[in-house]
Amino acid sequence: MSALRNPEKKRLFGTSGIRGIVDRDLTLEFCYQVGQALGSTLAAQSRVCLATDTRVSREEVKSAVTSGLASTDVNVIDLGILPTPALALLTREWQFDTGVMITASHNPPEYNGIKLFNGNAMGYSQSQEEEIEKVYFAKAFRDGGQGKVELGKGAKEKYFRFIRERLPASKISSKLRVVVDAGNGAASGFVSVLFAEMGINVMPLNDEPNGFFPGREPEPREDTLRGTVDFLRRQNADIAVCFDGDADRVVFCDRQGFLGFDEMIAFISRLMVKKTGKKVIATTVETGKLLDLAVKDIGGEVVRGKVGDVNVAYLTRELDAALGVEGVGVYIIPKAGYYPDSIFASLTLLSQLKDITEIREFLEGLPMLSLEKRRISCPNELKESLMAEIRGKTHLFGARDINTLDGIRLEFDDSWMLIRASGTEPAIRVVAESISQPTTKELMNKGIEVVQSCFGSQSAK
């Protein structure tokens, strides 16, 4: 969102594509011109596939982007409503030049956005995004022939075949009773059908496509999944698999409740290190220490890079990692491809479980960690100078190691802290984690104090 409200920075893209409120940030003219800018970076007569999540603004945004692409002599195949993982996969499997996903992922209904994938299913790199931005701000759109716009067929079937060929249904216990909470998003009427075809005992929830997301908010969190847990208990189910608006994220619940963000990436990462024999897990500077603890005894190593699923995808490929993860429920499994595939990740988990109690038993054996997150409002135009001033004061913390790859991550013997400018809103985020709650609070208070002190000096200039 910040990129759209901050033209002097000449940025359109945030950490996960372009996003904003429809008719305020994402006007039809804006979406049309983004389509023109994207099309102008592609060769004439390139083939682009396009899909949407279930948001009520999907048709108007899709139509504007499609018209912009077609005006630059690019051919567009409309694949309808699909989960983002399916769109990414089909871009590769059907040999499109680019895939366009119209989605705001986990954001509220009034938002929408544009996310781009290469022909190899990987998200657009920062240099590719900058090329589009350069064309957009210069209004240097290609003027030529008119591309074709057609409806695509067989997308769901193709994705289903791909999954079934790589994850035999025989490996998944028929005893597991699985709630599939699609959240009225792109997973609706899609994942429950796939799981049922694979012989899983499925109990669908919020499984009707509805862009107002009446069942729950599109972001699956502990507070938004209380109804899901109640449903799971009433159905006497074992596990709930819960998706966000475009199904590029997934989180899990059992009868005791929400299974946690860091907890599940830790558990699944351990499974993947054991399964693949590869020792490296790729993640971001926002990820906590539970992940390190989960793989340490089996020789696993955690490498942290920049925030954003595209950055994690590139890092996963670079390191030949067993898995790429973000704590919010992003899983990049190389066996499927270098893109977030929550559906493949869910089935991978189910195929490795003999009994749902394995998850809680493992997590209970890990040390308890205290994690706190705070958001401090900060105008976009002050972010860069503010973070530069904070970097000059890191000596105040006495950290044993400092990582400035994306924000400032400070490592201590039994704790860590991250101070980072948000890539999606006008804010600075502070995260602290320790084995003791008092230490976490002490770190958090010190972090906030430094940020506010620097903010005061920046505002006074």
# chains A, B, ... in the order shown; residues from 1 in each chain; ligands from 1
>>> select_by_dssp(residues="segment 5-219 of chain A", states="helix (DSSP H, G or I)", output="ChimeraX atom specification")
/A:7-9,28-41,58-70,84-93,126-138,155-166,169-171,191-197
>>> closest_atom_pairs(of="segment 334-356 of chain A", to="segment 162-182 of chain A", cutoff="9 Å", atoms="only C-alpha atoms", output="Markdown table")
| residue | atom | partner | partner_atom | distance |
| --- | --- | --- | --- | --- |
| A:Lys335 | CA | A:Arg166 | CA | 8.2 |
| A:Ala336 | CA | A:Arg166 | CA | 8.1 |
| A:Ile343 | CA | A:Ile163 | CA | 8.9 |
| A:Phe344 | CA | A:Ile163 | CA | 7.0 |
| A:Leu347 | CA | A:Leu167 | CA | 7.5 |
| A:Thr348 | CA | A:Leu167 | CA | 7.4 |
| A:Leu350 | CA | A:Ile172 | CA | 5.9 |
| A:Ser351 | CA | A:Ile172 | CA | 4.3 |
| A:Gln352 | CA | A:Ile172 | CA | 7.4 |
| A:Leu353 | CA | A:Ser173 | CA | 7.5 |
| A:Lys354 | CA | A:Ser173 | CA | 6.5 |
| A:Asp355 | CA | A:Leu176 | CA | 7.7 |
| A:Ile356 | CA | A:Leu176 | CA | 7.9 |
>>> write_last_selection(atoms="N, CA, C and O atoms", output="mmCIF file, in the first residue's frame")
data_model
loop_
_atom_site.group_PDB
_atom_site.id
_atom_site.type_symbol
_atom_site.label_atom_id
_atom_site.label_comp_id
_atom_site.auth_asym_id
_atom_site.auth_seq_id
_atom_site.Cartn_x
_atom_site.Cartn_y
_atom_site.Cartn_z
ATOM 1 N N LYS A 335 10.022 -29.705 -4.187
ATOM 2 C CA LYS A 335 9.450 -30.803 -4.964
ATOM 3 C C LYS A 335 8.302 -30.327 -5.845
ATOM 4 O O LYS A 335 8.073 -30.862 -6.941
ATOM 5 N N ALA A 336 7.576 -29.311 -5.390
ATOM 6 C CA ALA A 336 6.502 -28.720 -6.193
ATOM 7 C C ALA A 336 7.034 -27.590 -7.054
ATOM 8 O O ALA A 336 6.710 -27.470 -8.235
ATOM 9 N N ILE A 343 -1.302 -25.857 -0.261
ATOM 10 C CA ILE A 343 -2.047 -27.107 -0.470
ATOM 11 C C ILE A 343 -1.081 -28.289 -0.472
ATOM 12 O O ILE A 343 -1.301 -29.299 0.209
ATOM 13 N N PHE A 344 0.013 -28.139 -1.216
ATOM 14 C CA PHE A 344 1.043 -29.180 -1.244
ATOM 15 C C PHE A 344 1.639 -29.375 0.154
ATOM 16 O O PHE A 344 1.871 -30.506 0.589
ATOM 17 N N LEU A 347 -0.820 -31.356 2.428
ATOM 18 C CA LEU A 347 -0.834 -32.776 2.089
ATOM 19 C C LEU A 347 0.477 -33.457 2.494
ATOM 20 O O LEU A 347 0.485 -34.625 2.896
ATOM 21 N N THR A 348 1.583 -32.725 2.394
ATOM 22 C CA THR A 348 2.865 -33.262 2.845
ATOM 23 C C THR A 348 2.808 -33.551 4.340
ATOM 24 O O THR A 348 3.260 -34.604 4.803
ATOM 25 N N LEU A 350 0.039 -34.110 6.183
ATOM 26 C CA LEU A 350 -0.891 -35.213 6.422
ATOM 27 C C LEU A 350 -0.280 -36.563 6.041
ATOM 28 O O LEU A 350 -0.559 -37.584 6.683
ATOM 29 N N SER A 351 0.576 -36.560 5.016
ATOM 30 C CA SER A 351 1.189 -37.820 4.578
ATOM 31 C C SER A 351 2.240 -38.329 5.556
ATOM 32 O O SER A 351 2.615 -39.506 5.513
ATOM 33 N N GLN A 352 2.732 -37.438 6.424
ATOM 34 C CA GLN A 352 3.776 -37.822 7.376
ATOM 35 C C GLN A 352 3.229 -38.153 8.763
ATOM 36 O O GLN A 352 3.959 -38.649 9.619
ATOM 37 N N LEU A 353 1.940 -37.872 8.985
ATOM 38 C CA LEU A 353 1.350 -38.084 10.309
ATOM 39 C C LEU A 353 0.676 -39.449 10.411
ATOM 40 O O LEU A 353 -0.133 -39.809 9.558
ATOM 41 N N LYS A 354 0.999 -40.169 11.454
ATOM 42 C CA LYS A 354 0.251 -41.383 11.765
ATOM 43 C C LYS A 354 -0.848 -41.072 12.779
ATOM 44 O O LYS A 354 -1.917 -41.664 12.770
ATOM 45 N N ASP A 355 -0.537 -40.095 13.648
ATOM 46 C CA ASP A 355 -1.499 -39.681 14.677
ATOM 47 C C ASP A 355 -1.300 -38.195 14.921
ATOM 48 O O ASP A 355 -0.161 -37.722 15.015
ATOM 49 N N ILE A 356 -2.398 -37.473 15.065
ATOM 50 C CA ILE A 356 -2.322 -36.020 15.224
ATOM 51 C C ILE A 356 -1.584 -35.625 16.497
ATOM 52 O O ILE A 356 -1.004 -34.523 16.592
#
>>> closest_residue(among="A:Leu271, A:Val149, A:Ala388, A:Val202", to="Ile298 of chain A", atoms="only C-alpha atoms")
A:Leu271
>>> select_by_dssp(residues="segment 202-429 of chain A", states="strand (DSSP E)", output="PyMOL selection string")
chain A and resi 202-205+239-243+250-254+257-258+280-284+301-305+323-326+330-332+370-377+401-403+408-411+415-421+427-429
>>> write_last_selection(atoms="C-alpha atoms", output="PDB file, in the first residue's frame")
ATOM      1  CA  VAL A 202     -13.008 -34.143   4.765  1.00  0.00           C
ATOM      2  CA  MET A 203     -15.310 -31.811   6.699  1.00  0.00           C
ATOM      3  CA  PRO A 204     -15.561 -28.570   4.677  1.00  0.00           C
ATOM      4  CA  LEU A 205     -16.049 -25.203   6.409  1.00  0.00           C
ATOM      5  CA  ILE A 239      -7.008 -31.378  12.516  1.00  0.00           C
ATOM      6  CA  ALA A 240      -8.165 -28.230  10.722  1.00  0.00           C
ATOM      7  CA  VAL A 241      -6.306 -26.964   7.660  1.00  0.00           C
ATOM      8  CA  CYS A 242      -7.048 -23.232   7.353  1.00  0.00           C
ATOM      9  CA  PHE A 243      -6.290 -21.055   4.325  1.00  0.00           C
ATOM     10  CA  VAL A 250      -1.989 -22.165   5.620  1.00  0.00           C
ATOM     11  CA  VAL A 251      -2.207 -22.645   9.388  1.00  0.00           C
ATOM     12  CA  PHE A 252      -3.440 -25.529  11.509  1.00  0.00           C
ATOM     13  CA  CYS A 253      -5.625 -26.262  14.556  1.00  0.00           C
ATOM     14  CA  ASP A 254      -6.349 -29.357  16.601  1.00  0.00           C
ATOM     15  CA  GLY A 257      -6.892 -25.010  19.608  1.00  0.00           C
ATOM     16  CA  PHE A 258      -4.594 -23.065  17.301  1.00  0.00           C
ATOM     17  CA  VAL A 280      19.161 -26.162   5.326  1.00  0.00           C
ATOM     18  CA  ILE A 281      15.874 -24.341   5.971  1.00  0.00           C
ATOM     19  CA  ALA A 282      15.439 -20.930   4.304  1.00  0.00           C
ATOM     20  CA  THR A 283      13.427 -18.269   6.107  1.00  0.00           C
ATOM     21  CA  THR A 284      13.403 -14.537   6.953  1.00  0.00           C
ATOM     22  CA  GLU A 301      20.689 -25.176   9.805  1.00  0.00           C
ATOM     23  CA  VAL A 302      18.441 -22.113   9.487  1.00  0.00           C
ATOM     24  CA  VAL A 303      19.414 -19.332   7.065  1.00  0.00           C
ATOM     25  CA  ARG A 304      17.545 -16.023   7.310  1.00  0.00           C
ATOM     26  CA  GLY A 305      17.050 -13.630   4.409  1.00  0.00           C
ATOM     27  CA  LEU A 323      12.145 -26.055   2.591  1.00  0.00           C
ATOM     28  CA  GLY A 324      11.464 -22.335   2.559  1.00  0.00           C
ATOM     29  CA  VAL A 325       9.154 -20.923   5.251  1.00  0.00           C
ATOM     30  CA  GLU A 326       7.683 -17.752   6.701  1.00  0.00           C
ATOM     31  CA  VAL A 330       4.138 -19.760   3.890  1.00  0.00           C
ATOM     32  CA  TYR A 331       5.727 -23.012   2.709  1.00  0.00           C
ATOM     33  CA  ILE A 332       7.928 -23.322  -0.370  1.00  0.00           C
ATOM     34  CA  SER A 370       8.307 -15.472  24.945  1.00  0.00           C
ATOM     35  CA  LEU A 371       7.606 -13.440  21.786  1.00  0.00           C
ATOM     36  CA  GLU A 372       6.295  -9.869  21.517  1.00  0.00           C
ATOM     37  CA  LYS A 373       5.500  -7.740  18.455  1.00  0.00           C
ATOM     38  CA  ARG A 374       4.801  -4.011  18.365  1.00  0.00           C
ATOM     39  CA  ARG A 375       3.922  -1.565  15.598  1.00  0.00           C
ATOM     40  CA  ILE A 376       5.038   2.071  15.722  1.00  0.00           C
ATOM     41  CA  SER A 377       3.437   4.442  13.203  1.00  0.00           C
ATOM     42  CA  ASP A 401      25.721 -10.266  16.276  1.00  0.00           C
ATOM     43  CA  ILE A 402      23.937  -7.739  14.047  1.00  0.00           C
ATOM     44  CA  ASN A 403      22.175  -8.604  10.765  1.00  0.00           C
ATOM     45  CA  ILE A 408      18.183  -4.630  12.018  1.00  0.00           C
ATOM     46  CA  ARG A 409      18.200  -8.049  13.685  1.00  0.00           C
ATOM     47  CA  LEU A 410      20.145  -8.116  16.953  1.00  0.00           C
ATOM     48  CA  GLU A 411      21.275 -11.483  18.342  1.00  0.00           C
ATOM     49  CA  SER A 415      17.244 -13.727  22.828  1.00  0.00           C
ATOM     50  CA  TRP A 416      16.933 -11.618  19.685  1.00  0.00           C
ATOM     51  CA  MET A 417      15.215  -8.472  18.471  1.00  0.00           C
ATOM     52  CA  LEU A 418      14.237  -7.104  15.062  1.00  0.00           C
ATOM     53  CA  ILE A 419      13.599  -3.461  14.166  1.00  0.00           C
ATOM     54  CA  ARG A 420      12.312  -3.171  10.622  1.00  0.00           C
ATOM     55  CA  ALA A 421      10.390  -0.732   8.439  1.00  0.00           C
ATOM     56  CA  ALA A 427       5.065   1.730  10.336  1.00  0.00           C
ATOM     57  CA  ILE A 428       8.199   0.456  12.034  1.00  0.00           C
ATOM     58  CA  ARG A 429       7.888  -3.031  13.512  1.00  0.00           C
TER      59      ARG A 429
END
>>> atom_distance(atom1="atom CA of Ala247 of chain A", atom2="atom CA of Glu358 of chain A")
25.1 Å
>>> closest_residue(among="A:Phe30, A:Phe160, A:Phe212, A:Phe267", to="Gly183 of chain A", atoms="only C-alpha atoms")
A:Phe212
>>> closest_residue(among="A:Lys289, A:Arg391, A:His106, A:Arg58", to="Asp244 of chain A", atoms="only C-alpha atoms")
A:His106
>>> closest_residue(among="A:Arg255, A:Ala399, A:Phe117, A:Phe362", to="Asp230 of chain A", atoms="only C-alpha atoms")
A:Arg255
>>> closest_residue(among="A:Gly113, A:Gly308, A:Gly398, A:Gly447", to="Pro340 of chain A", atoms="only C-alpha atoms")
A:Gly308
>>> residues_around(residues="Ala155 of chain A", least_positions_apart="5", cutoff="8 Å", atoms="only C-alpha atoms", output="CSV table (one decimal) with C-alpha atoms, in the first residue's frame")
chain,number,residue,atom,x,y,z
A,79,LEU,CA,-8.3,-19.0,-15.7
A,86,ALA,CA,-2.4,-23.2,-8.8
A,90,LEU,CA,0.1,-23.5,-14.3
>>> residues_around(residues="Pro334 of chain A", least_positions_apart="4", cutoff="12 Å", atoms="only C-alpha atoms", output="JSON, numbers by chain")
{"A": [121, 122, 166, 272, 276, 278, 281, 282, 312, 313, 314, 315, 316, 317, 318, 319, 320, 321, 322, 323, 324, 325, 338, 339, 340, 341, 344, 345]}
>>> closest_residue(among="A:Ala44, A:Leu116, A:Leu291, A:Ala51", to="Phe13 of chain A", atoms="only C-alpha atoms")
A:Leu116
